[in-house]
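Have a look at start-v7.tsv below; it lists TSV, C-alpha atoms.
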```tsv
chain	number	residue	atom	x	y	z
A	25	MET	CA	-141.52	-62.58	189.74
A	26	THR	CA	-142.03	-62.57	185.97
A	27	GLU	CA	-140.73	-59.00	185.79
A	28	THR	CA	-137.52	-60.01	187.60
A	29	VAL	CA	-136.96	-63.01	185.31
A	30	SER	CA	-137.65	-60.87	182.25
A	31	GLN	CA	-135.15	-58.21	183.42
A	32	ALA	CA	-132.52	-60.88	184.14
A	33	LEU	CA	-132.93	-62.27	180.62
A	34	GLN	CA	-132.70	-58.78	179.11
A	35	ASP	CA	-129.59	-58.04	181.20
A	36	ARG	CA	-127.97	-61.29	180.08
A	37	ALA	CA	-128.72	-60.51	176.42
A	38	LEU	CA	-127.35	-56.97	176.80
A	39	ILE	CA	-124.18	-58.24	178.52
A	40	GLU	CA	-123.53	-60.82	175.81
A	41	GLU	CA	-124.33	-58.60	172.82
A	42	ALA	CA	-122.44	-55.54	174.05
A	43	THR	CA	-119.38	-57.56	175.11
A	44	ARG	CA	-119.36	-59.54	171.88
A	45	LYS	CA	-119.39	-56.37	169.75
A	46	SER	CA	-116.91	-54.32	171.78
A	47	GLY	CA	-113.22	-54.55	170.94
A	48	LEU	CA	-112.20	-53.53	174.47
A	49	ILE	CA	-113.61	-54.10	177.91
A	50	TRP	CA	-112.55	-52.43	181.14
A	51	VAL	CA	-111.77	-54.98	183.83
A	52	ARG	CA	-111.34	-54.29	187.53
A	53	GLY	CA	-110.21	-57.09	189.79
A	54	THR	CA	-109.61	-57.00	193.54
A	55	ALA	CA	-106.57	-54.71	193.17
A	56	GLY	CA	-105.52	-51.75	191.09
A	57	PRO	CA	-107.52	-49.59	188.71
A	58	ALA	CA	-109.72	-50.82	185.88
A	59	ARG	CA	-107.73	-51.60	182.75
A	60	ALA	CA	-108.82	-51.70	179.10
A	61	LEU	CA	-108.21	-55.19	177.70
A	62	TRP	CA	-108.89	-56.83	174.34
A	63	HIS	CA	-110.98	-59.96	174.56
A	64	VAL	CA	-113.14	-62.46	172.71
A	65	TRP	CA	-116.64	-63.51	173.76
A	66	HIS	CA	-116.71	-67.31	173.68
A	67	ASP	CA	-119.05	-69.86	175.18
A	68	GLY	CA	-120.78	-67.44	177.57
A	69	ALA	CA	-117.71	-65.60	178.86
A	70	ALA	CA	-115.29	-62.80	178.02
A	71	CYS	CA	-111.98	-64.54	177.35
A	72	LEU	CA	-108.61	-62.81	177.52
A	73	VAL	CA	-104.92	-63.57	177.57
A	74	GLY	CA	-102.09	-61.62	179.13
A	75	GLY	CA	-99.36	-61.42	181.70
A	76	GLY	CA	-96.48	-62.64	179.57
A	77	SER	CA	-93.97	-60.90	177.38
A	78	GLY	CA	-95.63	-59.08	174.52
A	79	GLU	CA	-99.14	-59.46	175.91
A	80	GLN	CA	-101.46	-57.16	177.82
A	81	PRO	CA	-100.65	-56.69	181.53
A	82	LEU	CA	-102.85	-58.58	184.00
A	83	ASP	CA	-100.58	-58.97	187.04
A	84	ASP	CA	-101.62	-55.82	188.93
A	85	LEU	CA	-105.40	-56.37	188.63
A	86	GLY	CA	-105.81	-59.03	191.33
A	87	LEU	CA	-107.57	-61.48	189.02
A	88	THR	CA	-107.47	-64.87	190.74
A	89	ASP	CA	-109.11	-68.15	189.77
A	90	GLY	CA	-112.56	-68.19	191.35
A	91	GLY	CA	-112.28	-64.52	192.36
A	92	PRO	CA	-114.52	-61.60	191.42
A	93	ALA	CA	-114.10	-58.99	188.71
A	94	THR	CA	-116.17	-56.10	187.41
A	95	VAL	CA	-116.42	-55.68	183.65
A	96	THR	CA	-117.49	-52.42	182.00
A	97	VAL	CA	-118.42	-52.41	178.32
A	98	ARG	CA	-118.74	-49.40	176.05
A	99	SER	CA	-121.30	-48.82	173.36
A	100	LYS	CA	-120.01	-49.68	169.90
A	101	ASP	CA	-121.96	-46.73	168.42
A	102	LYS	CA	-121.42	-43.91	170.91
A	103	GLY	CA	-118.32	-45.08	172.78
A	104	GLY	CA	-119.80	-44.37	176.24
A	105	ARG	CA	-120.42	-46.85	179.04
A	106	LEU	CA	-123.30	-49.16	178.11
A	107	VAL	CA	-123.25	-51.93	180.69
A	108	ALA	CA	-121.26	-53.08	183.71
A	109	TRP	CA	-121.47	-56.58	185.13
A	110	GLN	CA	-119.96	-58.76	187.82
A	111	ALA	CA	-117.90	-61.76	186.77
A	112	ARG	CA	-116.27	-64.79	188.27
A	113	VAL	CA	-112.73	-65.36	187.03
A	114	HIS	CA	-111.94	-68.84	185.78
A	115	GLU	CA	-108.40	-69.78	184.75
A	116	PRO	CA	-108.42	-73.10	182.89
A	117	ALA	CA	-105.34	-75.28	183.25
A	118	ALA	CA	-102.91	-75.01	180.34
A	119	HIS	CA	-103.61	-77.56	177.59
A	120	SER	CA	-106.93	-78.61	179.15
A	121	GLU	CA	-109.95	-78.94	176.85
A	122	ALA	CA	-111.42	-75.62	178.06
A	123	TRP	CA	-108.03	-73.91	177.65
A	124	GLN	CA	-107.63	-75.25	174.09
A	125	ALA	CA	-111.10	-74.07	173.04
A	126	THR	CA	-110.50	-70.62	174.54
A	127	VAL	CA	-107.04	-70.27	173.01
A	128	GLU	CA	-108.33	-71.19	169.54
A	129	GLU	CA	-110.80	-68.29	169.74
A	130	LEU	CA	-108.22	-65.87	171.13
A	131	LYS	CA	-105.59	-66.87	168.56
A	132	GLY	CA	-107.90	-65.86	165.73
A	133	LYS	CA	-108.25	-62.35	167.15
A	134	ARG	CA	-104.64	-61.75	168.22
A	135	LEU	CA	-103.29	-59.08	165.91
A	136	ASN	CA	-99.62	-58.69	165.01
A	137	ALA	CA	-98.32	-61.57	167.06
A	138	PRO	CA	-94.53	-61.71	166.63
A	139	ASP	CA	-94.57	-65.50	166.89
A	140	ALA	CA	-97.81	-66.58	165.22
A	141	GLY	CA	-96.53	-70.13	164.62
A	142	THR	CA	-95.66	-70.81	168.27
A	143	LEU	CA	-98.21	-68.52	169.91
A	144	THR	CA	-100.10	-71.19	171.85
A	145	GLU	CA	-96.91	-72.69	173.25
A	146	ARG	CA	-95.79	-69.26	174.49
A	147	TRP	CA	-99.20	-68.61	176.03
A	148	ALA	CA	-99.07	-71.97	177.84
A	149	ARG	CA	-95.55	-71.26	179.10
A	150	GLU	CA	-95.69	-67.54	179.99
A	151	CYS	CA	-99.25	-66.19	180.00
A	152	ARG	CA	-102.55	-66.49	181.76
A	153	VAL	CA	-105.70	-67.35	179.84
A	154	LEU	CA	-108.78	-66.16	181.71
A	155	ARG	CA	-112.53	-66.54	181.29
A	156	LEU	CA	-114.71	-63.86	182.91
A	157	GLU	CA	-118.09	-65.49	183.40
A	158	PRO	CA	-121.12	-63.28	184.25
A	159	THR	CA	-122.52	-64.04	187.70
A	160	GLY	CA	-125.83	-62.20	187.45
A	161	GLY	CA	-127.56	-59.26	185.86
A	162	ALA	CA	-126.13	-55.92	184.91
A	163	VAL	CA	-125.07	-53.64	187.78
A	164	GLN	CA	-125.16	-50.68	185.37
A	165	ARG	CA	-127.26	-50.45	182.22
A	166	PRO	CA	-129.44	-47.87	180.49
A	167	GLY	CA	-131.88	-46.68	183.12
A	168	LEU	CA	-129.63	-47.87	185.95
A	169	MET	CA	-126.53	-45.69	185.64
A	170	PRO	CA	-124.80	-43.81	188.47
A	171	ASP	CA	-125.35	-40.06	188.73
A	172	ASP	CA	-121.64	-39.12	188.73
A	173	ALA	CA	-119.39	-39.42	185.67
A	174	GLN	CA	-116.99	-41.91	187.33
A	175	ALA	CA	-114.11	-40.43	185.31
A	176	ALA	CA	-110.64	-41.33	186.52
A	177	PRO	CA	-107.31	-39.69	185.78
A	178	PRO	CA	-105.07	-41.57	183.33
A	179	LEU	CA	-102.59	-44.05	184.76
A	180	ALA	CA	-99.01	-42.88	185.10
A	181	SER	CA	-96.93	-43.70	182.04
A	182	PRO	CA	-93.58	-42.65	180.61
A	183	ALA	CA	-95.47	-41.95	177.35
A	184	ILE	CA	-97.31	-39.01	178.93
A	185	THR	CA	-95.53	-35.66	178.83
A	186	ARG	CA	-96.55	-32.40	180.43
A	187	ARG	CA	-93.98	-30.10	178.84
A	188	PRO	CA	-94.87	-27.06	176.74
A	189	ALA	CA	-94.64	-27.37	172.98
A	190	PRO	CA	-91.32	-26.15	171.52
A	191	ALA	CA	-91.43	-22.49	170.49
A	192	ALA	CA	-90.46	-23.31	166.89
A	193	LEU	CA	-93.26	-25.87	166.43
A	194	PRO	CA	-95.94	-23.48	165.03
A	195	LYS	CA	-93.46	-22.14	162.46
A	196	LEU	CA	-92.47	-25.68	161.40
A	197	LEU	CA	-96.10	-26.69	161.02
A	198	ARG	CA	-96.89	-23.67	158.84
A	199	ARG	CA	-93.89	-24.41	156.63
A	200	GLY	CA	-95.08	-28.00	156.10
A	201	ARG	CA	-98.45	-26.86	154.71
A	202	ARG	CA	-96.86	-24.76	151.95
A	203	GLY	CA	-94.58	-27.46	150.66
```
Now that the file is in, can you turn its structure into structure tokens?
Amino acid sequence: MTETVSQALQDRALIEEATRKSGLIWVRGTAGPARALWHVWHDGAACLVGGGSGEQPLDDLGLTDGGPATVTVRSKDKGGRLVAWQARVHEPAAHSEAWQATVEELKGKRLNAPDAGTLTERWARECRVLRLEPTGGAVQRPGLMPDDAQAAPPLASPAITRRPAPAALPKLLRRGRRG
């Protein structure tokens, strides 16, 4: 029994420390593939905002209030998967006390907001603010990783091209080095 309690405390510490230090987490809800999302660790949960114009997409992940999610966190040092954990999604009501506290933390980390002065009003009107609260120990951690790589192909995007490089490109690159 003591070993189980000790492992649960170690898992909880690993989840919190790794998630707090990582700039991105990969979140998988009940639908769609896992998606990399920026977040803030606040009050025992990974907090994120998205779904509105100019914010990260959340709509296709199947994240519903009270529903499950799986969060994967990379190592800050090596960049590889460090820990994965199950979460319960909580969506506080706009302008509630929990929403205000979460938004204050998120607002401090939101980079390059086009409307910094009215950011919270836009989030209340257009976006979803979510808290991903851990529901137990780590499902993956050092010593408890799956045998396969779990690599997935990149999501389809108009930014991805599969055309050959133009024939003149090597010549143009050489010319640039001389000048």
| query | Distance atom CA of Ser30 of chain A-atom CA of Glu157 of chain A, one decimal place? | reply | 20.1 Å
| If you measure from atom CA of Val107 of chain A to atom CA of Arg165 of chain A, what distance in Å do you get, rounded to one decimal? | 4.5 Å
| request: Pick out the residues sitting within 7 Å of segment 117-129 of chain A, and hand them over as JSON, numbers by chain; count all atoms listed in the file, and ignore anything fewer than 5 positions along from it in its own chain. | output: {"A": [64, 71, 148]}
| task | For the point (-119.4, -61.9, 177.9) in the file's frame, write as a PyMOL selection string all residues with an atom no more than 12 Å away, counting all atoms listed in the file. | result | chain A and resi 35-49+51+63-72+94-97+107-113+155-162
Write the selection just made, keeping C-alpha atoms, as a PDB file, in the coordinates of the input?
```pdb
ATOM      1  CA  ASP A  35    -129.590 -58.040 181.200  1.00  0.00           C
ATOM      2  CA  ARG A  36    -127.970 -61.290 180.080  1.00  0.00           C
ATOM      3  CA  ALA A  37    -128.720 -60.510 176.420  1.00  0.00           C
ATOM      4  CA  LEU A  38    -127.350 -56.970 176.800  1.00  0.00           C
ATOM      5  CA  ILE A  39    -124.180 -58.240 178.520  1.00  0.00           C
ATOM      6  CA  GLU A  40    -123.530 -60.820 175.810  1.00  0.00           C
ATOM      7  CA  GLU A  41    -124.330 -58.600 172.820  1.00  0.00           C
ATOM      8  CA  ALA A  42    -122.440 -55.540 174.050  1.00  0.00           C
ATOM      9  CA  THR A  43    -119.380 -57.560 175.110  1.00  0.00           C
ATOM     10  CA  ARG A  44    -119.360 -59.540 171.880  1.00  0.00           C
ATOM     11  CA  LYS A  45    -119.390 -56.370 169.750  1.00  0.00           C
ATOM     12  CA  SER A  46    -116.910 -54.320 171.780  1.00  0.00           C
ATOM     13  CA  GLY A  47    -113.220 -54.550 170.940  1.00  0.00           C
ATOM     14  CA  LEU A  48    -112.200 -53.530 174.470  1.00  0.00           C
ATOM     15  CA  ILE A  49    -113.610 -54.100 177.910  1.00  0.00           C
ATOM     16  CA  VAL A  51    -111.770 -54.980 183.830  1.00  0.00           C
ATOM     17  CA  HIS A  63    -110.980 -59.960 174.560  1.00  0.00           C
ATOM     18  CA  VAL A  64    -113.140 -62.460 172.710  1.00  0.00           C
ATOM     19  CA  TRP A  65    -116.640 -63.510 173.760  1.00  0.00           C
ATOM     20  CA  HIS A  66    -116.710 -67.310 173.680  1.00  0.00           C
ATOM     21  CA  ASP A  67    -119.050 -69.860 175.180  1.00  0.00           C
ATOM     22  CA  GLY A  68    -120.780 -67.440 177.570  1.00  0.00           C
ATOM     23  CA  ALA A  69    -117.710 -65.600 178.860  1.00  0.00           C
ATOM     24  CA  ALA A  70    -115.290 -62.800 178.020  1.00  0.00           C
ATOM     25  CA  CYS A  71    -111.980 -64.540 177.350  1.00  0.00           C
ATOM     26  CA  LEU A  72    -108.610 -62.810 177.520  1.00  0.00           C
ATOM     27  CA  THR A  94    -116.170 -56.100 187.410  1.00  0.00           C
ATOM     28  CA  VAL A  95    -116.420 -55.680 183.650  1.00  0.00           C
ATOM     29  CA  THR A  96    -117.490 -52.420 182.000  1.00  0.00           C
ATOM     30  CA  VAL A  97    -118.420 -52.410 178.320  1.00  0.00           C
ATOM     31  CA  VAL A 107    -123.250 -51.930 180.690  1.00  0.00           C
ATOM     32  CA  ALA A 108    -121.260 -53.080 183.710  1.00  0.00           C
ATOM     33  CA  TRP A 109    -121.470 -56.580 185.130  1.00  0.00           C
ATOM     34  CA  GLN A 110    -119.960 -58.760 187.820  1.00  0.00           C
ATOM     35  CA  ALA A 111    -117.900 -61.760 186.770  1.00  0.00           C
ATOM     36  CA  ARG A 112    -116.270 -64.790 188.270  1.00  0.00           C
ATOM     37  CA  VAL A 113    -112.730 -65.360 187.030  1.00  0.00           C
ATOM     38  CA  ARG A 155    -112.530 -66.540 181.290  1.00  0.00           C
ATOM     39  CA  LEU A 156    -114.710 -63.860 182.910  1.00  0.00           C
ATOM     40  CA  GLU A 157    -118.090 -65.490 183.400  1.00  0.00           C
ATOM     41  CA  PRO A 158    -121.120 -63.280 184.250  1.00  0.00           C
ATOM     42  CA  THR A 159    -122.520 -64.040 187.700  1.00  0.00           C
ATOM     43  CA  GLY A 160    -125.830 -62.200 187.450  1.00  0.00           C
ATOM     44  CA  GLY A 161    -127.560 -59.260 185.860  1.00  0.00           C
ATOM     45  CA  ALA A 162    -126.130 -55.920 184.910  1.00  0.00           C
TER      46      ALA A 162
END
```
Hey, could you pull the box centre and edge lengths for segment 166-185 of chain A, axis-aligned, 6 Å padding per side, all listed atoms, to one decimal in Å, as JSON?
```
{"center_x": -112.7, "center_y": -41.8, "center_z": 183.0, "size_x": 50.3, "size_y": 24.2, "size_z": 23.4}
```
| said: With 10 Å as the threshold, what does the neighbourhood of (-98.5, -64.9, 184.5) contain in terms of residues, counting all atoms listed in the file? Coordinates are those of the file; answer as a list in words. | reply: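 Returned residue set, sorted by chain then number, is Val73, Gly74, Gly75, Gly76, Ser77, Pro81, Leu82, Asp83, Trp147, Ala148, Arg149, Glu150, Cys151, Arg152 and Val153 of chain A.
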Same residues, C-alpha atoms, output as a JSON list (two decimals), in the frame of the given file:
```json
[["chain", "number", "residue", "atom", "x", "y", "z"],
["A", 73, "VAL", "CA", -104.92, -63.57, 177.57],
["A", 74, "GLY", "CA", -102.09, -61.62, 179.13],
["A", 75, "GLY", "CA", -99.36, -61.42, 181.70],
["A", 76, "GLY", "CA", -96.48, -62.64, 179.57],
["A", 77, "SER", "CA", -93.97, -60.90, 177.38],
["A", 81, "PRO", "CA", -100.65, -56.69, 181.53],
["A", 82, "LEU", "CA", -102.85, -58.58, 184.00],
["A", 83, "ASP", "CA", -100.58, -58.97, 187.04],
["A", 147, "TRP", "CA", -99.20, -68.61, 176.03],
["A", 148, "ALA", "CA", -99.07, -71.97, 177.84],
["A", 149, "ARG", "CA", -95.55, -71.26, 179.10],
["A", 150, "GLU", "CA", -95.69, -67.54, 179.99],
["A", 151, "CYS", "CA", -99.25, -66.19, 180.00],
["A", 152, "ARG", "CA", -102.55, -66.49, 181.76],
["A", 153, "VAL", "CA", -105.70, -67.35, 179.84]]
```
| query | When distances are computed from only C-alpha atoms, which of A:Gly53, A:Pro188, A:Pro182, A:Pro166 shows the smallest separation from Pro92 of chain A? | reply |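 Among the listed residues, A:Gly53 lies closest to Pro92 of chain A.
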| said: Report as a ChimeraX atom specification all protein, DNA and RNA residues lying within 10 Å of Pro57 of chain A, evaluated on all atoms listed in the file, omitting residues in the same chain fewer than 6 positions from it. | reply: /A:50-51,84-86,176,178-179
| Nearest to Arg98 of chain A by atom-to-atom distance, counting all atoms listed in the file, from A:Ala60, A:Asn136, A:Ala32, A:Glu79 |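 Checking each candidate against Arg98 of chain A, we get A:Ala60 as the closest.
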Model the absent atoms of segment 64-83 of chain A so that N, CA, C and O atoms are present, and write the result as a compact mmCIF listing (two decimals), in the coordinates of the input.
```txt
# COMPACT_ATOMS: atom_id res chain seq x y z
N VAL A 64 -112.25 -61.76 173.63
CA VAL A 64 -113.14 -62.46 172.71
C VAL A 64 -114.28 -63.02 173.55
O VAL A 64 -114.05 -63.55 174.63
N TRP A 65 -115.52 -62.87 173.08
CA TRP A 65 -116.64 -63.51 173.76
C TRP A 65 -116.74 -64.92 173.21
O TRP A 65 -116.85 -65.14 172.00
N HIS A 66 -116.66 -65.91 174.10
CA HIS A 66 -116.71 -67.31 173.68
C HIS A 66 -117.40 -68.14 174.74
O HIS A 66 -117.04 -68.09 175.93
N ASP A 67 -118.38 -68.89 174.32
CA ASP A 67 -119.05 -69.86 175.18
C ASP A 67 -119.53 -69.25 176.49
O ASP A 67 -119.30 -69.78 177.57
N GLY A 68 -120.17 -68.07 176.40
CA GLY A 68 -120.78 -67.44 177.57
C GLY A 68 -119.84 -66.69 178.49
O GLY A 68 -120.20 -66.42 179.63
N ALA A 69 -118.66 -66.32 178.01
CA ALA A 69 -117.71 -65.60 178.86
C ALA A 69 -116.82 -64.70 178.01
O ALA A 69 -116.59 -64.96 176.83
N ALA A 70 -116.31 -63.64 178.65
CA ALA A 70 -115.29 -62.80 178.02
C ALA A 70 -113.95 -63.47 178.29
O ALA A 70 -113.57 -63.68 179.44
N CYS A 71 -113.24 -63.82 177.23
CA CYS A 71 -111.98 -64.54 177.35
C CYS A 71 -110.84 -63.61 177.00
O CYS A 71 -110.92 -62.86 176.03
N LEU A 72 -109.76 -63.67 177.78
CA LEU A 72 -108.61 -62.81 177.52
C LEU A 72 -107.33 -63.53 177.88
O LEU A 72 -107.33 -64.52 178.60
N VAL A 73 -106.24 -63.01 177.32
CA VAL A 73 -104.92 -63.57 177.57
C VAL A 73 -103.99 -62.41 177.90
O VAL A 73 -104.12 -61.32 177.37
N GLY A 74 -103.05 -62.66 178.79
CA GLY A 74 -102.09 -61.62 179.13
C GLY A 74 -101.13 -62.09 180.20
O GLY A 74 -101.13 -63.23 180.62
N GLY A 75 -100.29 -61.14 180.62
CA GLY A 75 -99.36 -61.42 181.70
C GLY A 75 -97.98 -61.86 181.27
O GLY A 75 -97.07 -61.87 182.06
N GLY A 76 -97.80 -62.22 180.02
CA GLY A 76 -96.48 -62.64 179.57
C GLY A 76 -95.83 -61.57 178.73
O GLY A 76 -96.37 -60.48 178.55
N SER A 77 -94.67 -61.88 178.20
CA SER A 77 -93.97 -60.90 177.38
C SER A 77 -94.74 -60.68 176.08
O SER A 77 -95.17 -61.62 175.44
N GLY A 78 -94.93 -59.43 175.74
CA GLY A 78 -95.63 -59.08 174.52
C GLY A 78 -97.14 -59.15 174.60
O GLY A 78 -97.82 -58.98 173.59
N GLU A 79 -97.69 -59.40 175.76
CA GLU A 79 -99.14 -59.46 175.91
C GLU A 79 -99.61 -58.39 176.89
O GLU A 79 -98.81 -57.77 177.59
N GLN A 80 -100.91 -58.19 176.95
CA GLN A 80 -101.46 -57.16 177.82
C GLN A 80 -101.22 -57.49 179.29
O GLN A 80 -101.23 -58.64 179.69
N PRO A 81 -100.97 -56.45 180.12
CA PRO A 81 -100.65 -56.69 181.53
C PRO A 81 -101.90 -57.08 182.33
O PRO A 81 -102.94 -56.44 182.22
N LEU A 82 -101.76 -58.11 183.13
CA LEU A 82 -102.85 -58.58 184.00
C LEU A 82 -102.42 -58.67 185.46
O LEU A 82 -103.26 -58.78 186.34
N ASP A 83 -101.11 -58.65 185.72
CA ASP A 83 -100.58 -58.97 187.04
C ASP A 83 -101.07 -58.05 188.15
O ASP A 83 -101.27 -58.50 189.27
```
